[in-house]
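Asker: Here you go, protein_8.cif (mmCIF, C-alpha atoms):
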data_protein
loop_
_atom_site.group_PDB
_atom_site.id
_atom_site.type_symbol
_atom_site.label_atom_id
_atom_site.label_comp_id
_atom_site.auth_asym_id
_atom_site.auth_seq_id
_atom_site.Cartn_x
_atom_site.Cartn_y
_atom_site.Cartn_z
ATOM 1 C CA MET A 1 0.000 0.000 0.000
ATOM 2 C CA ALA A 2 2.994 2.282 0.359
ATOM 3 C CA ASP A 3 3.051 5.097 -2.141
ATOM 4 C CA PRO A 4 5.793 4.300 -4.658
ATOM 5 C CA ARG A 5 6.940 7.883 -4.391
ATOM 6 C CA ASP A 6 7.865 7.245 -0.799
ATOM 7 C CA SER A 7 10.040 4.221 -1.447
ATOM 8 C CA GLY A 8 13.681 4.612 -2.235
ATOM 9 C CA LEU A 9 14.444 2.301 -5.111
ATOM 10 C CA GLY A 10 11.242 0.707 -6.337
ATOM 11 C CA GLN A 11 11.210 -0.529 -9.905
ATOM 12 C CA ASP A 12 8.545 2.053 -10.649
ATOM 13 C CA GLU A 13 10.961 4.751 -9.689
ATOM 14 C CA ALA A 14 11.544 6.006 -13.200
ATOM 15 C CA GLY A 15 7.820 6.172 -13.746
ATOM 16 C CA SER A 16 6.706 7.760 -10.533
ATOM 17 C CA VAL A 17 9.571 9.878 -9.291
ATOM 18 C CA VAL A 18 11.281 11.122 -12.408
ATOM 19 C CA ARG A 19 8.177 11.598 -14.504
ATOM 20 C CA PRO A 20 6.781 14.728 -12.877
ATOM 21 C CA TYR A 21 10.068 16.489 -13.412
ATOM 22 C CA ILE A 22 10.302 15.323 -17.012
ATOM 23 C CA LEU A 23 6.807 16.676 -17.533
ATOM 24 C CA THR A 24 8.016 20.053 -16.377
ATOM 25 C CA GLU A 25 11.276 19.762 -18.310
ATOM 26 C CA GLY A 26 13.255 19.803 -15.108
ATOM 27 C CA ARG A 27 11.855 23.005 -13.741
ATOM 28 C CA GLN A 28 10.591 22.958 -10.212
ATOM 29 C CA HIS A 29 8.950 26.350 -10.212
ATOM 30 C CA ALA A 30 7.027 28.255 -12.822
ATOM 31 C CA ASP A 31 9.375 30.871 -14.211
ATOM 32 C CA ALA A 32 7.284 33.967 -14.424
ATOM 33 C CA VAL A 33 3.897 33.497 -12.810
ATOM 34 C CA GLN A 34 3.539 33.001 -9.081
ATOM 35 C CA LEU A 35 0.598 30.661 -8.761
ATOM 36 C CA ASP A 36 -1.051 29.897 -5.474
ATOM 37 C CA MET A 37 -2.887 26.683 -4.714
ATOM 38 C CA VAL A 38 -6.108 28.690 -4.988
ATOM 39 C CA SER A 39 -5.241 30.922 -7.910
ATOM 40 C CA VAL A 40 -8.240 30.570 -10.206
ATOM 41 C CA VAL A 41 -7.460 29.672 -13.810
ATOM 42 C CA ILE A 42 -9.535 29.646 -16.971
ATOM 43 C CA ALA A 43 -8.822 28.792 -20.616
ATOM 44 C CA ALA A 44 -8.194 31.997 -22.527
ATOM 45 C CA ARG A 45 -8.917 31.099 -26.114
ATOM 46 C CA ALA A 46 -10.665 28.574 -28.254
ATOM 47 C CA GLU A 47 -8.044 27.670 -30.864
ATOM 48 C CA VAL A 48 -5.172 25.561 -29.628
ATOM 49 C CA ASP A 49 -2.069 24.357 -31.433
ATOM 50 C CA GLU A 50 -2.255 20.791 -30.181
ATOM 51 C CA MET A 51 1.137 19.878 -31.580
ATOM 52 C CA ALA A 52 2.811 22.548 -29.481
ATOM 53 C CA LEU A 53 1.488 21.281 -26.164
ATOM 54 C CA GLU A 54 1.997 18.282 -23.915
ATOM 55 C CA PRO A 55 -0.976 15.921 -23.565
ATOM 56 C CA GLU A 56 -1.216 16.960 -19.899
ATOM 57 C CA GLN A 57 -1.429 20.595 -20.919
ATOM 58 C CA LEU A 58 -4.227 19.804 -23.362
ATOM 59 C CA ARG A 59 -6.108 18.118 -20.532
ATOM 60 C CA ILE A 60 -5.561 21.154 -18.344
ATOM 61 C CA LEU A 61 -7.025 23.342 -21.070
ATOM 62 C CA GLU A 62 -10.082 21.089 -21.275
ATOM 63 C CA LEU A 63 -10.573 21.310 -17.505
ATOM 64 C CA CYS A 64 -10.089 25.062 -17.573
ATOM 65 C CA HIS A 65 -13.097 25.726 -19.758
ATOM 66 C CA ARG A 66 -14.705 26.256 -16.386
ATOM 67 C CA ALA A 67 -12.933 28.562 -13.947
ATOM 68 C CA GLN A 68 -11.317 26.598 -11.137
ATOM 69 C CA SER A 69 -8.430 26.636 -8.725
ATOM 70 C CA VAL A 70 -4.975 25.186 -9.265
ATOM 71 C CA ALA A 71 -5.784 22.694 -6.486
ATOM 72 C CA GLU A 72 -8.880 21.488 -8.358
ATOM 73 C CA VAL A 73 -6.920 21.021 -11.578
ATOM 74 C CA SER A 74 -4.381 19.025 -9.581
ATOM 75 C CA ALA A 75 -7.074 16.868 -7.962
ATOM 76 C CA HIS A 76 -8.886 16.154 -11.246
ATOM 77 C CA MET A 77 -5.663 15.291 -13.060
ATOM 78 C CA ASP A 78 -4.150 13.375 -10.172
ATOM 79 C CA ILE A 79 -0.893 15.281 -10.590
ATOM 80 C CA PRO A 80 0.778 17.014 -7.614
ATOM 81 C CA VAL A 81 0.092 20.721 -7.176
ATOM 82 C CA ALA A 82 3.750 21.662 -7.681
ATOM 83 C CA VAL A 83 3.788 20.008 -11.108
ATOM 84 C CA VAL A 84 0.445 21.474 -12.163
ATOM 85 C CA LYS A 85 1.764 24.936 -11.272
ATOM 86 C CA VAL A 86 4.665 24.562 -13.676
ATOM 87 C CA LEU A 87 2.459 23.246 -16.503
ATOM 88 C CA LEU A 88 -0.020 26.060 -15.910
ATOM 89 C CA GLY A 89 2.736 28.658 -15.684
ATOM 90 C CA ASP A 90 3.788 27.590 -19.156
ATOM 91 C CA LEU A 91 0.236 27.835 -20.492
ATOM 92 C CA ILE A 92 -0.194 31.275 -18.946
ATOM 93 C CA GLY A 93 3.129 32.431 -20.404
ATOM 94 C CA ARG A 94 1.945 31.349 -23.846
ATOM 95 C CA GLY A 95 -1.423 33.036 -23.516
ATOM 96 C CA TYR A 96 -3.537 29.888 -23.302
ATOM 97 C CA VAL A 97 -4.711 30.401 -19.747
ATOM 98 C CA LEU A 98 -5.657 33.385 -17.617
ATOM 99 C CA ALA A 99 -5.211 33.361 -13.853
ATOM 100 C CA ARG A 100 -6.597 35.431 -11.027
ATOM 101 C CA ALA A 101 -4.640 35.645 -7.816
ATOM 102 C CA PRO A 102 -6.474 34.803 -4.587
ATOM 103 C CA TYR A 103 -7.033 37.178 -1.721
ATOM 104 C CA THR A 104 -3.873 37.410 0.326
ATOM 105 C CA THR A 105 -2.771 39.035 3.531
ATOM 106 C CA GLU A 106 -1.193 41.740 1.363
ATOM 107 C CA SER A 107 -4.616 42.621 0.008
ATOM 108 C CA PRO A 108 -6.854 42.216 3.055
ATOM 109 C CA VAL A 109 -10.468 41.364 2.493
ATOM 110 C CA SER A 110 -12.897 44.238 2.667
ATOM 111 C CA ARG A 111 -16.070 44.413 4.747
ATOM 112 C CA ASP A 112 -18.031 43.896 1.527
ATOM 113 C CA VAL A 113 -16.252 40.653 0.767
ATOM 114 C CA LEU A 114 -16.715 39.408 4.339
ATOM 115 C CA GLN A 115 -20.415 40.235 4.127
ATOM 116 C CA ALA A 116 -20.653 38.390 0.795
ATOM 117 C CA VAL A 117 -18.997 35.332 2.373
ATOM 118 C CA LEU A 118 -21.426 35.463 5.320
ATOM 119 C CA ASP A 119 -24.408 35.763 2.966
ATOM 120 C CA GLY A 120 -23.077 32.954 0.774
ATOM 121 C CA ILE A 121 -22.641 30.557 3.696
ATOM 122 C CA GLN A 122 -26.025 31.504 5.110
ATOM 123 C CA ARG A 123 -27.676 30.601 1.795
ATOM 124 C CA LEU A 124 -26.290 27.046 1.891
ATOM 125 C CA MET B 1 -6.784 38.219 -33.506
ATOM 126 C CA ALA B 2 -6.184 35.970 -30.584
ATOM 127 C CA SER B 3 -6.053 38.912 -28.210
ATOM 128 C CA ASN B 4 -9.621 39.862 -29.044
ATOM 129 C CA ASP B 5 -10.656 36.376 -28.155
ATOM 130 C CA SER B 6 -8.914 36.291 -24.806
ATOM 131 C CA ASP B 7 -12.072 35.582 -22.872
ATOM 132 C CA SER B 8 -14.242 33.881 -25.434
ATOM 133 C CA ARG B 9 -17.110 33.044 -23.121
ATOM 134 C CA GLY B 10 -17.181 36.431 -21.531
ATOM 135 C CA GLU B 11 -16.938 34.620 -18.231
ATOM 136 C CA ARG B 12 -15.462 36.489 -15.310
ATOM 137 C CA ILE B 13 -12.710 34.867 -13.348
ATOM 138 C CA PRO B 14 -13.789 34.635 -9.727
ATOM 139 C CA ALA B 15 -11.279 35.271 -6.957
ATOM 140 C CA ALA B 16 -10.695 32.573 -4.398
ATOM 141 C CA ILE B 17 -10.651 32.929 -0.673
ATOM 142 C CA LYS B 18 -9.654 30.110 1.645
ATOM 143 C CA ILE B 19 -10.416 28.897 5.103
ATOM 144 C CA LEU B 20 -8.353 26.220 6.802
ATOM 145 C CA VAL B 21 -9.762 23.362 8.810
ATOM 146 C CA ALA B 22 -7.112 22.087 11.191
ATOM 147 C CA GLY B 23 -6.991 19.616 14.031
ATOM 148 C CA GLY B 24 -5.485 16.319 14.992
ATOM 149 C CA PHE B 25 -5.631 13.178 12.909
ATOM 150 C CA GLY B 26 -9.183 11.811 12.923
ATOM 151 C CA ALA B 27 -10.732 14.929 14.441
ATOM 152 C CA GLY B 28 -13.225 15.123 11.566
ATOM 153 C CA LYS B 29 -11.642 17.703 9.259
ATOM 154 C CA THR B 30 -12.642 16.002 6.019
ATOM 155 C CA THR B 31 -16.072 15.204 7.461
ATOM 156 C CA LEU B 32 -16.676 18.882 8.168
ATOM 157 C CA VAL B 33 -15.445 19.913 4.710
ATOM 158 C CA GLY B 34 -17.656 17.242 3.105
ATOM 159 C CA SER B 35 -20.761 18.213 5.052
ATOM 160 C CA ILE B 36 -20.741 21.728 3.658
ATOM 161 C CA SER B 37 -18.851 21.601 0.334
ATOM 162 C CA GLU B 38 -20.868 21.818 -2.897
ATOM 163 C CA VAL B 39 -18.692 19.060 -4.376
ATOM 164 C CA ALA B 40 -17.524 15.820 -2.786
ATOM 165 C CA PRO B 41 -14.214 16.651 -1.074
ATOM 166 C CA LEU B 42 -11.386 16.600 -3.575
ATOM 167 C CA SER B 43 -8.002 15.271 -2.744
ATOM 168 C CA THR B 44 -4.772 16.566 -4.137
ATOM 169 C CA GLU B 45 -1.245 15.859 -3.249
ATOM 170 C CA GLU B 46 1.749 18.017 -2.909
ATOM 171 C CA LEU B 47 5.228 16.693 -3.467
ATOM 172 C CA MET B 48 7.290 18.219 -0.731
ATOM 173 C CA THR B 49 11.032 18.033 -0.549
ATOM 174 C CA GLU B 50 11.705 19.167 2.962
ATOM 175 C CA ALA B 51 15.351 20.066 2.523
ATOM 176 C CA SER B 52 14.746 22.034 -0.658
ATOM 177 C CA LEU B 53 12.278 24.588 0.618
ATOM 178 C CA GLY B 54 13.320 27.915 -0.774
ATOM 179 C CA VAL B 55 15.907 26.359 -3.067
ATOM 180 C CA ASP B 56 15.377 27.016 -6.723
ATOM 181 C CA ASP B 57 17.332 24.388 -8.546
ATOM 182 C CA LEU B 58 17.142 20.654 -8.617
ATOM 183 C CA SER B 59 20.754 19.921 -7.865
ATOM 184 C CA GLY B 60 21.062 17.092 -5.405
ATOM 185 C CA VAL B 61 17.341 16.520 -5.287
ATOM 186 C CA GLU B 62 17.938 12.779 -5.453
ATOM 187 C CA GLN B 63 19.474 12.835 -1.978
ATOM 188 C CA LYS B 64 16.566 14.620 -0.443
ATOM 189 C CA ASN B 65 13.600 13.135 1.249
ATOM 190 C CA THR B 66 10.490 13.598 -0.841
ATOM 191 C CA THR B 67 7.212 13.344 0.985
ATOM 192 C CA THR B 68 3.774 13.202 -0.511
ATOM 193 C CA VAL B 69 1.256 15.122 1.539
ATOM 194 C CA ALA B 70 -2.417 14.645 0.774
ATOM 195 C CA LEU B 71 -4.763 17.593 1.099
ATOM 196 C CA ASP B 72 -8.528 17.339 1.135
ATOM 197 C CA PHE B 73 -10.547 20.347 0.184
ATOM 198 C CA GLY B 74 -14.026 21.473 -0.710
ATOM 199 C CA ARG B 75 -15.590 24.363 -2.559
ATOM 200 C CA ILE B 76 -18.430 26.790 -1.878
ATOM 201 C CA THR B 77 -19.413 29.210 -4.638
ATOM 202 C CA ILE B 78 -20.255 32.478 -2.886
ATOM 203 C CA ASN B 79 -21.216 34.460 -5.981
ATOM 204 C CA GLU B 80 -20.024 34.893 -9.557
ATOM 205 C CA ASP B 81 -16.998 36.775 -8.328
ATOM 206 C CA LEU B 82 -16.028 34.787 -5.265
ATOM 207 C CA VAL B 83 -15.292 31.142 -4.468
ATOM 208 C CA LEU B 84 -14.532 29.863 -0.989
ATOM 209 C CA TYR B 85 -12.210 26.883 -0.587
ATOM 210 C CA LEU B 86 -12.023 24.873 2.603
ATOM 211 C CA PHE B 87 -8.730 23.089 3.121
ATOM 212 C CA GLY B 88 -8.220 20.324 5.620
ATOM 213 C CA THR B 89 -4.644 20.735 6.809
ATOM 214 C CA PRO B 90 -2.500 17.632 7.186
ATOM 215 C CA GLY B 91 -3.012 16.320 10.689
ATOM 216 C CA GLN B 92 0.453 15.215 11.602
ATOM 217 C CA GLN B 93 2.685 17.747 13.226
ATOM 218 C CA ARG B 94 5.613 16.901 10.981
ATOM 219 C CA PHE B 95 3.732 18.481 8.102
ATOM 220 C CA TRP B 96 3.795 21.921 9.720
ATOM 221 C CA PHE B 97 5.790 23.203 6.753
ATOM 222 C CA MET B 98 2.750 22.538 4.533
ATOM 223 C CA TRP B 99 0.694 24.824 6.724
ATOM 224 C CA GLU B 100 2.864 27.787 5.808
ATOM 225 C CA GLU B 101 1.795 27.795 2.187
ATOM 226 C CA LEU B 102 -1.779 26.926 3.069
ATOM 227 C CA ALA B 103 -1.959 29.630 5.701
ATOM 228 C CA THR B 104 -0.692 32.354 3.380
ATOM 229 C CA GLY B 105 -3.626 34.543 2.512
ATOM 230 C CA ALA B 106 -6.163 32.423 4.370
ATOM 231 C CA LEU B 107 -9.126 34.279 5.839
ATOM 232 C CA GLY B 108 -8.975 32.266 9.018
ATOM 233 C CA ALA B 109 -9.058 28.777 10.455
ATOM 234 C CA VAL B 110 -11.316 26.334 12.209
ATOM 235 C CA VAL B 111 -9.507 24.188 14.771
ATOM 236 C CA LEU B 112 -11.492 21.007 15.262
ATOM 237 C CA ALA B 113 -11.040 19.611 18.729
ATOM 238 C CA ASP B 114 -11.629 15.971 19.586
ATOM 239 C CA THR B 115 -12.305 15.745 23.322
ATOM 240 C CA ARG B 116 -10.995 12.172 23.392
ATOM 241 C CA ARG B 117 -7.592 13.518 22.345
ATOM 242 C CA LEU B 118 -7.659 17.188 23.133
ATOM 243 C CA GLU B 119 -3.874 17.508 23.006
ATOM 244 C CA THR B 120 -3.839 16.717 19.270
ATOM 245 C CA CYS B 121 -5.078 20.193 18.433
ATOM 246 C CA PHE B 122 -2.363 22.020 20.437
ATOM 247 C CA PRO B 123 -0.016 22.371 17.412
ATOM 248 C CA ALA B 124 -2.779 23.972 15.325
ATOM 249 C CA VAL B 125 -3.780 26.418 18.081
ATOM 250 C CA ASP B 126 -0.105 27.346 18.585
ATOM 251 C CA PHE B 127 0.437 27.815 14.879
ATOM 252 C CA PHE B 128 -2.511 30.161 14.338
ATOM 253 C CA GLU B 129 -1.819 32.135 17.524
ATOM 254 C CA ARG B 130 1.793 32.666 16.526
ATOM 255 C CA ARG B 131 0.780 33.783 13.039
ATOM 256 C CA GLY B 132 -1.902 36.079 14.379
ATOM 257 C CA MET B 133 -4.432 34.348 12.169
ATOM 258 C CA PRO B 134 -8.053 34.497 13.350
ATOM 259 C CA PHE B 135 -9.422 31.100 14.349
ATOM 260 C CA VAL B 136 -12.292 29.494 16.184
ATOM 261 C CA VAL B 137 -12.251 26.218 18.100
ATOM 262 C CA ALA B 138 -15.039 23.810 17.171
ATOM 263 C CA VAL B 139 -15.439 20.892 19.541
ATOM 264 C CA ASN B 140 -16.592 17.948 17.442
ATOM 265 C CA CYS B 141 -19.061 15.963 19.527
ATOM 266 C CA PHE B 142 -18.372 12.353 18.688
ATOM 267 C CA GLU B 143 -20.883 9.743 19.660
ATOM 268 C CA GLY B 144 -19.797 7.873 22.747
ATOM 269 C CA ALA B 145 -17.239 10.516 23.677
ATOM 270 C CA HIS B 146 -17.578 12.231 27.008
ATOM 271 C CA HIS B 147 -19.207 15.563 26.355
ATOM 272 C CA TYR B 148 -17.406 18.580 27.668
ATOM 273 C CA GLY B 149 -18.765 22.075 27.595
ATOM 274 C CA ALA B 150 -17.209 24.695 25.377
ATOM 275 C CA GLU B 151 -15.864 26.527 28.430
ATOM 276 C CA GLU B 152 -14.185 23.388 29.780
ATOM 277 C CA VAL B 153 -12.409 22.967 26.449
ATOM 278 C CA ARG B 154 -11.468 26.649 26.437
ATOM 279 C CA ALA B 155 -9.884 26.280 29.848
ATOM 280 C CA ALA B 156 -8.089 23.056 28.950
ATOM 281 C CA LEU B 157 -6.602 24.617 25.800
ATOM 282 C CA SER B 158 -5.991 28.064 27.384
ATOM 283 C CA ILE B 159 -7.953 29.762 24.618
ATOM 284 C CA PRO B 160 -8.231 33.533 25.198
ATOM 285 C CA PRO B 161 -11.743 34.890 25.837
ATOM 286 C CA GLU B 162 -12.007 36.733 22.502
ATOM 287 C CA VAL B 163 -11.602 33.499 20.507
ATOM 288 C CA PRO B 164 -14.944 31.731 19.959
ATOM 289 C CA VAL B 165 -15.213 28.134 21.179
ATOM 290 C CA LEU B 166 -18.329 26.214 20.136
ATOM 291 C CA LEU B 167 -19.655 22.674 20.070
ATOM 292 C CA CYS B 168 -20.420 21.101 16.691
ATOM 293 C CA ASP B 169 -21.285 17.945 14.836
ATOM 294 C CA ALA B 170 -18.983 17.880 11.799
ATOM 295 C CA ARG B 171 -21.347 15.491 9.981
ATOM 296 C CA ASP B 172 -24.208 17.937 10.158
ATOM 297 C CA ARG B 173 -24.453 20.581 7.455
ATOM 298 C CA SER B 174 -26.214 23.211 9.536
ATOM 299 C CA SER B 175 -23.770 22.680 12.396
ATOM 300 C CA SER B 176 -20.779 23.051 10.064
ATOM 301 C CA LYS B 177 -22.435 26.129 8.609
ATOM 302 C CA GLU B 178 -22.672 27.659 12.080
ATOM 303 C CA VAL B 179 -18.962 26.961 12.628
ATOM 304 C CA LEU B 180 -18.015 28.810 9.430
ATOM 305 C CA LEU B 181 -20.378 31.690 10.190
ATOM 306 C CA THR B 182 -18.860 32.015 13.659
ATOM 307 C CA LEU B 183 -15.390 32.187 12.117
ATOM 308 C CA VAL B 184 -16.279 34.781 9.471
ATOM 309 C CA ARG B 185 -18.077 36.950 12.066
ATOM 310 C CA HIS B 186 -14.993 36.678 14.285
ATOM 311 C CA VAL B 187 -12.813 37.787 11.341
ATOM 312 C CA ALA B 188 -15.199 40.688 10.657
ATOM 313 C CA ARG B 189 -15.012 41.823 14.294
ATOM 314 C CA ARG B 190 -11.235 41.805 14.184
ATOM 315 C CA THR B 191 -11.266 43.741 10.920
ATOM 316 C CA ALA B 192 -13.616 46.342 12.390
ATOM 317 C CA ALA B 193 -11.628 46.834 15.564
ATOM 318 C CA PRO B 194 -7.967 45.974 15.141
ATOM 319 C CA ALA B 195 -6.358 45.087 18.462
#
Once you've parsed the file, please lay out its structure as structure tokens.

Answerer:
Amino acid sequence: MADPRDSGLGQDEAGSVVRPYILTEGRQHADAVQLDMVSVVIAARAEVDEMALEPEQLRILELCHRAQSVAEVSAHMDIPVAVVKVLLGDLIGRGYVLARAPYTTESPVSRDVLQAVLDGIQRL
Amino acid sequence: MASNDSDSRGERIPAAIKILVAGGFGAGKTTLVGSISEVAPLSTEELMTEASLGVDDLSGVEQKNTTTVALDFGRITINEDLVLYLFGTPGQQRFWFMWEELATGALGAVVLADTRRLETCFPAVDFFERRGMPFVVAVNCFEGAHHYGAEEVRAALSIPPEVPVLLCDARDRSSSKEVLLTLVRHVARRTAAPA
């Protein structure tokens, strides 16, 4: 039951440990865009040059027809958040995806937003 | 021109806001998220390389200890411009480093207390107090567990009087709703009157 990623030298090592980093061409962090786990992303345009993208990136674009967070993309694709961030960073850099940063402590939430959250929860 | 088509559906991108649900292992974090989320709780995993935090290159990554940390989360659409995410934080204390990223920008936190193992929520209470992040303590009333009052739990955990402590049933939607409302009202009070 142990996750193969946790084991040292399993025979699946090349498949499960190396693969995420191959997917991201060795990069661990997205170069330009700082994505948060709850940055919301959405596909930016309809036409896509399928030959220019990885299969995983095409799947991300499909998922992103509906606005959702980086964490949701990661969960639906079953790929770790760190890897999804790099793939998304690439797509954003090439104009395929738009992202909106979440509320942060640097941009504190206003009374209006807090009231909207209260109203939203109350409606549940 | 592609630039004219940059938002083909005319859909606005909502901004996300997050609330953390912390507590010891088995305290009911995912249960609470599931009782109130509009989707079945999603699970994602984060590859964490403890020794490489803050390091930008991959050199020597093969010698480092890579851990997979699972995160469960749910979603509540507030309105067309706002989505609330509820993140269950990894229970074990050794994953404290995960909390840092999760805690960044979070509106506040719910600390779920399990009266059978009250001490398991100490690390979460410490973490949020040290960060100055608003939190409430929700005492999950498990069946068969001895029921303590909110004030007994407050005393046992040395929770200051301004922090709300309430009893809840994490399986119950309206109870979980009350927990979140209590937290957001607490955040609003702190915003209105900074200490």

Asker: Go through B:Gly149, B:Pro160, B:Gly108, B:Gly28 and flag the residue nearest chain A, using all atoms listed in the file for the distances.

Answerer: B:Gly108

Asker: So, with only C-alpha atoms as the atoms that count, which of B:Leu118, B:Ile78, B:Leu32, B:Ala70 lies closest to chain A?

Answerer: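 Answer, going by the shortest atom-to-atom distance: B:Ile78.
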
Asker: On this structure, the PyMOL selection byres ((chain A) within 8 of (chain B)) would catch which residues? List them as a PyMOL selection string, sorted by chain and number.

Answerer: chain A and resi 5-6+26-29+37-46+67+69+71-72+74-75+78-82+99-106+109+111+114+116-122+124

Asker: Please report the interatomic distance between atom CA of Arg116 of chain B and atom CA of Asn140 of chain B in Å with one decimal.

Answerer: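 If I compute the distance from atom CA of Arg116 of chain B to atom CA of Asn140 of chain B, I get 10.0 Å.
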
Asker: When the PyMOL selection byres ((chain A and resi 48) around 12) is applied to the file above, which residues end up in the set, as a PyMOL selection string?

Answerer: (chain A and resi 43-47+49-54+57-59+61-62+91+94-97) or (chain B and resi 2)

Asker: To one decimal place in Å, what is the distance between atom CA of Asp112 of chain A and atom CA of Glu80 of chain B?

Answerer: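 Calculated distance between atom CA of Asp112 of chain A and atom CA of Glu80 of chain B is 14.4 Å.
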
Asker: For atom CA of Gly88 of chain B and atom CA of Ser35 of chain B, quote the distance in Å rounded to one decimal.

Answerer: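 A separation of 12.7 Å between them.
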
Asker: Using the chain letters and residue numbers of this document, give as number ranges by chain the residues selected by the PyMOL selection byres ((chain B and resi 125) around 10).

Answerer: B: 22-23, 109-113, 120-124, 126-130, 133, 135-137, 157-159

Asker: Counting only C-alpha atoms, figure out which residue out of A:Pro55, A:His65, A:Met77, A:Ser110 gets nearest to Leu98 of chain A.

Answerer: A:His65

Asker: Where's the centre, and what are the edge lengths in Å to one decimal, of a box along x, y and z enclosing all listed atoms of segment 78-91 of chain A padded 4 Å per side, as AutoDock Vina command-line options?

Answerer:
--center_x 0.3 --center_y 21.0 --center_z -13.8 --size_x 16.8 --size_y 23.3 --size_z 21.3

Asker: Would you mind telling me which residue in A:Arg123, A:Lys85, A:Gln68, A:Leu63 lies nearest to Gln34 of chain A when using only C-alpha atoms?

Answerer: A:Lys85

Asker: So which one's closest to Ala40 of chain B, B:Cys168, B:Phe142, B:Ala150, B:Leu86? Using all atoms listed in the file, please.

Answerer: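 Closest candidate: B:Leu86.
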
Asker: Starting from the structure just given, write a file holding segment 47-87 of chain A with C-alpha atoms, as a tab-separated table (two decimals), in the first residue's frame.

Answerer:
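New file result18.tsv:
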chain	number	residue	atom	x	y	z
A	47	GLU	CA	-8.04	27.67	-30.86
A	48	VAL	CA	-5.17	25.56	-29.63
A	49	ASP	CA	-2.07	24.36	-31.43
A	50	GLU	CA	-2.26	20.79	-30.18
A	51	MET	CA	1.14	19.88	-31.58
A	52	ALA	CA	2.81	22.55	-29.48
A	53	LEU	CA	1.49	21.28	-26.16
A	54	GLU	CA	2.00	18.28	-23.91
A	55	PRO	CA	-0.98	15.92	-23.57
A	56	GLU	CA	-1.22	16.96	-19.90
A	57	GLN	CA	-1.43	20.60	-20.92
A	58	LEU	CA	-4.23	19.80	-23.36
A	59	ARG	CA	-6.11	18.12	-20.53
A	60	ILE	CA	-5.56	21.15	-18.34
A	61	LEU	CA	-7.02	23.34	-21.07
A	62	GLU	CA	-10.08	21.09	-21.28
A	63	LEU	CA	-10.57	21.31	-17.51
A	64	CYS	CA	-10.09	25.06	-17.57
A	65	HIS	CA	-13.10	25.73	-19.76
A	66	ARG	CA	-14.70	26.26	-16.39
A	67	ALA	CA	-12.93	28.56	-13.95
A	68	GLN	CA	-11.32	26.60	-11.14
A	69	SER	CA	-8.43	26.64	-8.72
A	70	VAL	CA	-4.98	25.19	-9.26
A	71	ALA	CA	-5.78	22.69	-6.49
A	72	GLU	CA	-8.88	21.49	-8.36
A	73	VAL	CA	-6.92	21.02	-11.58
A	74	SER	CA	-4.38	19.03	-9.58
A	75	ALA	CA	-7.07	16.87	-7.96
A	76	HIS	CA	-8.89	16.15	-11.25
A	77	MET	CA	-5.66	15.29	-13.06
A	78	ASP	CA	-4.15	13.37	-10.17
A	79	ILE	CA	-0.89	15.28	-10.59
A	80	PRO	CA	0.78	17.01	-7.61
A	81	VAL	CA	0.09	20.72	-7.18
A	82	ALA	CA	3.75	21.66	-7.68
A	83	VAL	CA	3.79	20.01	-11.11
A	84	VAL	CA	0.44	21.47	-12.16
A	85	LYS	CA	1.76	24.94	-11.27
A	86	VAL	CA	4.66	24.56	-13.68
A	87	LEU	CA	2.46	23.25	-16.50
